[in-house]
Amino acid sequence: MGTIKRILVTGGAGFLGSHLCERLVEQGHDVICLDNFFTSQKSNVAHLLEKPNFELIRHDVTHPVWLEVDEVYNMACPAAPGHYQYNPIKTMKTSVLGAINVLGMAKRCNAKVLQASTSEIYGDPEVHPQPESYRGSVNTLGPRACYDEGKRAAETLFMDYHRQNRVNIRIVRIFNTFGPRMHPYDGRVVSNFIRQALKGEDITLYGDGSQTRSFCYRDDLVEGIIRLMNAPDDVIGPINIGSPGETTVKQLAELIIELTGSKSRTRNLPLPADDPKRREPDITLAKKHLNWQPTTPVREGLRKTVEWFRSIDMESYRAPTPNY
Ligand code: NAD
Ligand code: UDP
């Protein structure tokens, strides 16, 4: 094993953060998970609480953080549209003040800091698939802007702390990721469809379901961001991490109906404002610099996710917002 590092994961109790904590704890690092539990719950990390190299802090990243660490994964931010649109001003604060607070801390204690950015940087893209060089097409005034523009401002802050204060940074642009521990009431397409299919409810297709996303399994995603954190210091990103290969939302519904053996039918609902029509990452840079590409086919990832949804008591999860 390599050197043991002190690693802070903000948003560490969330869907991706909890899996990241698990991986880093397994690797023997001293892991601090910091979360305000807005869109998650302690049960996501309950199995880690007994580990001597894991610590849990309830804290909000919009307030300063004072810790001594070697690395920071800044994952704190509501990610599902229904969550980030619930209190859009808070979402923007989380991205911007959260970035300032972790960057200030990283500057003080000379830590390396990775920002969980997003494919939403590209908005409703006119370039397809999206390379990192594409500057995006975001509606600054729309309901998704609190998230998109907050994440864009965070990228700017990361670059400026890097240029001005020589903070060692990494920026990863994450594309749609799914897997066990997604909040069953987060309103995202995979969790909605699986929950609806298992309960025999109608599957809610927004629009005609022809819009596309590229779905990446959680374990592949987390492997990609750990590789970026550990990459040579001249590889700061931004780097897309996600799965090439588009699926229409309608195809996803059909696949989930097949995998669950559900009798649910699809029902069309209005398409939300500014919903991107197509999204697919160009992962040339991830392949070149990180030797990374996803290895889990969507079908296999969905099978594992369905299995997990079957194993939990969905009613014990509190819906973070009414928007699901
Ligand atoms: P998630 O909602 O499960 O996790 C986010 C975590 O951050 C939650 O535990 C939440 O309680 C916490 N949090 C929110 N606001 C906070 C605050 N102010 N202070 C402290 N903690 C706070 O979502 P996720 O899918 O695990 O996303 C993790 C990160 O990855 C987010 O930054 C998200 O923007 C980014 N991302 C995720 C995806 C995806 O498909 N899952 C895609 C693009 C980007
Ligand atoms: N979607 C849908 N039905 C749902 C939830 C989402 O058709 O019950 C669609 C949504 O309109 C979007 C896609 O699925 O086109 C992905 O939505 P999600 O909220 O998972 O994430 P996004 O990529 O839009 O942030």
# chains A, B, ... in the order shown; residues from 1 in each chain; ligands from 1
$ residues_around --residues "stretch 6-15 of chain A" --least-positions-apart "3" --cutoff "8 Å" --atoms "only C-alpha atoms" --output "ChimeraX atom specification"
/A:18-21,29-37,39-42,44-45,61,68-77,180-183
$ write_last_selection --atoms "C-alpha atoms" --output "short mmCIF file (atom, residue, chain, number, x, y, z; two decimals), in the first residue's frame"
data_model
loop_
_atom_site.label_atom_id
_atom_site.label_comp_id
_atom_site.auth_asym_id
_atom_site.auth_seq_id
_atom_site.Cartn_x
_atom_site.Cartn_y
_atom_site.Cartn_z
CA SER A 18 -20.44 7.47 0.23
CA HIS A 19 -19.00 5.08 -2.34
CA LEU A 20 -15.90 7.24 -2.64
CA CYS A 21 -15.47 7.22 1.18
CA HIS A 29 -6.56 6.39 4.17
CA ASP A 30 -7.79 8.55 7.04
CA VAL A 31 -11.14 9.67 5.69
CA ILE A 32 -13.26 12.56 6.96
CA CYS A 33 -16.79 12.62 5.58
CA LEU A 34 -18.48 16.02 5.86
CA ASP A 35 -22.16 16.44 5.04
CA ASN A 36 -25.25 18.43 6.01
CA PHE A 37 -27.52 15.49 5.02
CA THR A 39 -30.13 14.90 0.19
CA SER A 40 -28.70 11.92 2.04
CA GLN A 41 -28.88 10.13 5.34
CA LYS A 42 -26.44 8.65 7.81
CA ASN A 44 -25.29 5.57 3.63
CA VAL A 45 -22.13 5.59 5.75
CA VAL A 61 -19.89 23.81 3.24
CA GLU A 68 -5.79 19.65 8.35
CA VAL A 69 -5.88 17.35 5.34
CA ASP A 70 -3.80 16.28 2.34
CA GLU A 71 -6.62 15.95 -0.19
CA VAL A 72 -10.20 17.18 -0.63
CA TYR A 73 -12.89 15.73 -2.88
CA ASN A 74 -15.50 18.50 -3.09
CA MET A 75 -18.70 16.55 -3.79
CA ALA A 76 -21.14 18.59 -1.68
CA CYS A 77 -24.04 19.89 -3.80
CA PRO A 180 -26.94 1.53 -5.56
CA ARG A 181 -27.53 4.24 -2.90
CA MET A 182 -29.19 6.68 -5.26
CA HIS A 183 -31.90 8.30 -3.18
#
$ residues_around --residues "A:Thr94" --least-positions-apart "2" --cutoff "9 Å" --atoms "only C-alpha atoms" --output "list in words"
Asp60, Val61, Thr62, Ala76, Cys77, Pro78, Ile89, Lys90, Thr91, Met92, Val96, Leu97, Gly98, Ala99 and Gly150 of chain A
$ write_last_selection --atoms "C-alpha atoms" --output "short mmCIF file (atom, residue, chain, number, x, y, z; two decimals), in the first residue's frame"
data_model
loop_
_atom_site.label_atom_id
_atom_site.label_comp_id
_atom_site.auth_asym_id
_atom_site.auth_seq_id
_atom_site.Cartn_x
_atom_site.Cartn_y
_atom_site.Cartn_z
CA ASP A 60 -22.57 22.84 5.80
CA VAL A 61 -19.89 23.81 3.24
CA THR A 62 -21.33 27.31 2.91
CA ALA A 76 -21.14 18.59 -1.68
CA CYS A 77 -24.04 19.89 -3.80
CA PRO A 78 -27.54 18.66 -4.49
CA ILE A 89 -30.31 30.31 -3.98
CA LYS A 90 -28.92 27.77 -1.52
CA THR A 91 -27.73 25.63 -4.46
CA MET A 92 -25.75 28.55 -5.86
CA VAL A 96 -19.79 29.11 -4.87
CA LEU A 97 -19.25 29.53 -1.11
CA GLY A 98 -18.48 25.81 -0.83
CA ALA A 99 -15.75 26.17 -3.48
CA GLY A 150 -23.02 27.64 -9.75
#
$ select_by_dssp --residues "stretch 147-255 of chain A" --states "helix (DSSP H, G or I)" --output "count of residues only"
49
$ residues_around --residues "A:Pro294" --least-positions-apart "5" --cutoff "8 Å" --atoms "only C-alpha atoms" --output "VMD selection string"
chain A and resid 216 to 217 220 to 221 242 to 243
$ closest_residue --among "A:Arg267, A:Lys107, A:Arg218, A:Lys93" --to "ligand 2" --atoms "only C-alpha atoms and all ligand atoms"
A:Arg267
$ residues_near_ligand --ligand "ligand 2" --cutoff "6 Å" --atoms "only C-alpha atoms and all ligand atoms" --output "list in words"
Ala80, Pro81, Asn176, Gly187, Arg188, Val189, Asn192, Thr204, Leu205, Tyr206, Gly209, Gln211, Val249, Leu271 and Asp275 of chain A
$ closest_residue --among "A:Ala116, A:Ile283, A:Val190, A:Leu290" --to "ligand 1" --atoms "only C-alpha atoms and all ligand atoms"
A:Ala116
$ closest_residue --among "A:Ala111, A:Ile257, A:Leu252, A:Leu302" --to "A:Asn168" --atoms "only C-alpha atoms"
A:Ala111
$ closest_residue --among "A:Gly17, A:Gly142, A:Pro184, A:Gly123" --to "A:Pro272" --atoms "only C-alpha atoms"
A:Gly142
$ select_by_dssp --residues "stretch 128-220 of chain A" --states "strand (DSSP E or B)" --output "list in words"
Gln130, Ser137, Ile169, Arg170, Ile171, Val172, Arg173, Ile174, Thr177, Phe178, Ile203, Thr204, Leu205, Tyr206, Thr212, Arg213, Cys216 and Tyr217 of chain A
$ closest_residue --among "A:Asp234, A:Asp202, A:Asp274, A:Glu50" --to "A:Val138" --atoms "only C-alpha atoms"
A:Asp274
$ closest_residue --among "A:Gly82, A:Gly2, A:Gly136, A:Gly28" --to "ligand 1" --atoms "only C-alpha atoms and all ligand atoms"
A:Gly82
$ decode --residues "stretch 160-187 of chain A" --atoms "N, CA, C and O atoms" --output "PDB file, in the first residue's frame"
ATOM      1  N   ASP A 160      -8.838  30.039 -10.779  1.00  0.00           N
ATOM      2  CA  ASP A 160      -8.210  31.259 -10.266  1.00  0.00           C
ATOM      3  C   ASP A 160      -7.367  30.991  -9.014  1.00  0.00           C
ATOM      4  O   ASP A 160      -6.288  31.564  -8.863  1.00  0.00           O
ATOM      5  N   TYR A 161      -7.835  30.105  -8.140  1.00  0.00           N
ATOM      6  CA  TYR A 161      -6.994  29.740  -6.974  1.00  0.00           C
ATOM      7  C   TYR A 161      -5.734  29.013  -7.457  1.00  0.00           C
ATOM      8  O   TYR A 161      -4.666  29.144  -6.865  1.00  0.00           O
ATOM      9  N   HIS A 162      -5.872  28.268  -8.533  1.00  0.00           N
ATOM     10  CA  HIS A 162      -4.719  27.556  -9.086  1.00  0.00           C
ATOM     11  C   HIS A 162      -3.706  28.557  -9.661  1.00  0.00           C
ATOM     12  O   HIS A 162      -2.522  28.515  -9.342  1.00  0.00           O
ATOM     13  N   ARG A 163      -4.201  29.495 -10.492  1.00  0.00           N
ATOM     14  CA  ARG A 163      -3.296  30.467 -11.128  1.00  0.00           C
ATOM     15  C   ARG A 163      -2.734  31.471 -10.125  1.00  0.00           C
ATOM     16  O   ARG A 163      -1.557  31.772 -10.121  1.00  0.00           O
ATOM     17  N   GLN A 164      -3.626  31.971  -9.244  1.00  0.00           N
ATOM     18  CA  GLN A 164      -3.210  33.057  -8.348  1.00  0.00           C
ATOM     19  C   GLN A 164      -2.463  32.551  -7.117  1.00  0.00           C
ATOM     20  O   GLN A 164      -1.508  33.166  -6.668  1.00  0.00           O
ATOM     21  N   ASN A 165      -2.922  31.429  -6.574  1.00  0.00           N
ATOM     22  CA  ASN A 165      -2.358  30.941  -5.304  1.00  0.00           C
ATOM     23  C   ASN A 165      -1.649  29.592  -5.433  1.00  0.00           C
ATOM     24  O   ASN A 165      -1.276  28.989  -4.433  1.00  0.00           O
ATOM     25  N   ARG A 166      -1.534  29.125  -6.664  1.00  0.00           N
ATOM     26  CA  ARG A 166      -0.873  27.837  -6.949  1.00  0.00           C
ATOM     27  C   ARG A 166      -1.464  26.665  -6.166  1.00  0.00           C
ATOM     28  O   ARG A 166      -0.757  25.741  -5.755  1.00  0.00           O
ATOM     29  N   VAL A 167      -2.778  26.718  -5.921  1.00  0.00           N
ATOM     30  CA  VAL A 167      -3.430  25.568  -5.282  1.00  0.00           C
ATOM     31  C   VAL A 167      -3.455  24.422  -6.295  1.00  0.00           C
ATOM     32  O   VAL A 167      -3.724  24.635  -7.484  1.00  0.00           O
ATOM     33  N   ASN A 168      -3.138  23.216  -5.799  1.00  0.00           N
ATOM     34  CA  ASN A 168      -3.090  22.019  -6.640  1.00  0.00           C
ATOM     35  C   ASN A 168      -4.522  21.510  -6.837  1.00  0.00           C
ATOM     36  O   ASN A 168      -5.128  20.996  -5.897  1.00  0.00           O
ATOM     37  N   ILE A 169      -5.054  21.692  -8.045  1.00  0.00           N
ATOM     38  CA  ILE A 169      -6.481  21.382  -8.254  1.00  0.00           C
ATOM     39  C   ILE A 169      -6.695  20.275  -9.284  1.00  0.00           C
ATOM     40  O   ILE A 169      -5.808  19.961 -10.086  1.00  0.00           O
ATOM     41  N   ARG A 170      -7.918  19.732  -9.264  1.00  0.00           N
ATOM     42  CA  ARG A 170      -8.397  18.817 -10.287  1.00  0.00           C
ATOM     43  C   ARG A 170      -9.870  19.170 -10.540  1.00  0.00           C
ATOM     44  O   ARG A 170     -10.596  19.467  -9.585  1.00  0.00           O
ATOM     45  N   ILE A 171     -10.301  19.129 -11.795  1.00  0.00           N
ATOM     46  CA  ILE A 171     -11.720  19.355 -12.109  1.00  0.00           C
ATOM     47  C   ILE A 171     -12.224  18.175 -12.930  1.00  0.00           C
ATOM     48  O   ILE A 171     -11.703  17.885 -14.011  1.00  0.00           O
ATOM     49  N   VAL A 172     -13.237  17.501 -12.414  1.00  0.00           N
ATOM     50  CA  VAL A 172     -13.846  16.408 -13.167  1.00  0.00           C
ATOM     51  C   VAL A 172     -15.262  16.812 -13.554  1.00  0.00           C
ATOM     52  O   VAL A 172     -16.018  17.322 -12.735  1.00  0.00           O
ATOM     53  N   ARG A 173     -15.603  16.617 -14.827  1.00  0.00           N
ATOM     54  CA  ARG A 173     -16.975  16.861 -15.278  1.00  0.00           C
ATOM     55  C   ARG A 173     -17.697  15.516 -15.369  1.00  0.00           C
ATOM     56  O   ARG A 173     -17.421  14.717 -16.266  1.00  0.00           O
ATOM     57  N   ILE A 174     -18.588  15.330 -14.410  1.00  0.00           N
ATOM     58  CA  ILE A 174     -19.278  14.044 -14.273  1.00  0.00           C
ATOM     59  C   ILE A 174     -20.549  14.035 -15.123  1.00  0.00           C
ATOM     60  O   ILE A 174     -21.334  14.980 -15.077  1.00  0.00           O
ATOM     61  N   PHE A 175     -20.720  12.967 -15.904  1.00  0.00           N
ATOM     62  CA  PHE A 175     -21.956  12.770 -16.678  1.00  0.00           C
ATOM     63  C   PHE A 175     -22.871  11.821 -15.898  1.00  0.00           C
ATOM     64  O   PHE A 175     -22.419  11.133 -14.983  1.00  0.00           O
ATOM     65  N   ASN A 176     -24.127  11.746 -16.328  1.00  0.00           N
ATOM     66  CA  ASN A 176     -25.149  10.988 -15.572  1.00  0.00           C
ATOM     67  C   ASN A 176     -24.629   9.653 -15.047  1.00  0.00           C
ATOM     68  O   ASN A 176     -24.207   8.801 -15.828  1.00  0.00           O
ATOM     69  N   THR A 177     -24.689   9.504 -13.743  1.00  0.00           N
ATOM     70  CA  THR A 177     -24.185   8.306 -13.088  1.00  0.00           C
ATOM     71  C   THR A 177     -25.300   7.711 -12.229  1.00  0.00           C
ATOM     72  O   THR A 177     -26.099   8.442 -11.652  1.00  0.00           O
ATOM     73  N   PHE A 178     -25.326   6.385 -12.186  1.00  0.00           N
ATOM     74  CA  PHE A 178     -26.390   5.720 -11.435  1.00  0.00           C
ATOM     75  C   PHE A 178     -25.796   4.539 -10.679  1.00  0.00           C
ATOM     76  O   PHE A 178     -24.668   4.119 -10.959  1.00  0.00           O
ATOM     77  N   GLY A 179     -26.581   3.994  -9.740  1.00  0.00           N
ATOM     78  CA  GLY A 179     -26.124   2.806  -9.028  1.00  0.00           C
ATOM     79  C   GLY A 179     -26.775   2.719  -7.659  1.00  0.00           C
ATOM     80  O   GLY A 179     -27.582   3.577  -7.291  1.00  0.00           O
ATOM     81  N   PRO A 180     -26.421   1.679  -6.904  1.00  0.00           N
ATOM     82  CA  PRO A 180     -26.942   1.529  -5.560  1.00  0.00           C
ATOM     83  C   PRO A 180     -26.663   2.773  -4.724  1.00  0.00           C
ATOM     84  O   PRO A 180     -25.631   3.428  -4.900  1.00  0.00           O
ATOM     85  N   ARG A 181     -27.585   3.077  -3.801  1.00  0.00           N
ATOM     86  CA  ARG A 181     -27.528   4.237  -2.901  1.00  0.00           C
ATOM     87  C   ARG A 181     -27.965   5.546  -3.537  1.00  0.00           C
ATOM     88  O   ARG A 181     -27.814   6.599  -2.948  1.00  0.00           O
ATOM     89  N   MET A 182     -28.508   5.483  -4.771  1.00  0.00           N
ATOM     90  CA  MET A 182     -29.193   6.685  -5.260  1.00  0.00           C
ATOM     91  C   MET A 182     -30.376   6.860  -4.337  1.00  0.00           C
ATOM     92  O   MET A 182     -30.994   5.874  -3.909  1.00  0.00           O
ATOM     93  N   HIS A 183     -30.735   8.094  -4.037  1.00  0.00           N
ATOM     94  CA  HIS A 183     -31.897   8.295  -3.184  1.00  0.00           C
ATOM     95  C   HIS A 183     -33.157   7.880  -3.957  1.00  0.00           C
ATOM     96  O   HIS A 183     -33.367   8.352  -5.074  1.00  0.00           O
ATOM     97  N   PRO A 184     -33.975   6.978  -3.395  1.00  0.00           N
ATOM     98  CA  PRO A 184     -35.134   6.501  -4.174  1.00  0.00           C
ATOM     99  C   PRO A 184     -36.127   7.602  -4.525  1.00  0.00           C
ATOM    100  O   PRO A 184     -36.910   7.453  -5.465  1.00  0.00           O
ATOM    101  N   TYR A 185     -36.070   8.707  -3.808  1.00  0.00           N
ATOM    102  CA  TYR A 185     -36.979   9.821  -4.125  1.00  0.00           C
ATOM    103  C   TYR A 185     -36.201  11.040  -4.603  1.00  0.00           C
ATOM    104  O   TYR A 185     -36.576  12.174  -4.318  1.00  0.00           O
ATOM    105  N   ASP A 186     -35.111  10.824  -5.343  1.00  0.00           N
ATOM    106  CA  ASP A 186     -34.356  12.000  -5.818  1.00  0.00           C
ATOM    107  C   ASP A 186     -34.938  12.571  -7.112  1.00  0.00           C
ATOM    108  O   ASP A 186     -34.523  13.645  -7.544  1.00  0.00           O
ATOM    109  N   GLY A 187     -35.859  11.855  -7.725  1.00  0.00           N
ATOM    110  CA  GLY A 187     -36.515  12.376  -8.933  1.00  0.00           C
ATOM    111  C   GLY A 187     -35.687  12.206 -10.190  1.00  0.00           C
ATOM    112  O   GLY A 187     -36.108  12.604 -11.273  1.00  0.00           O
TER     113      GLY A 187
END
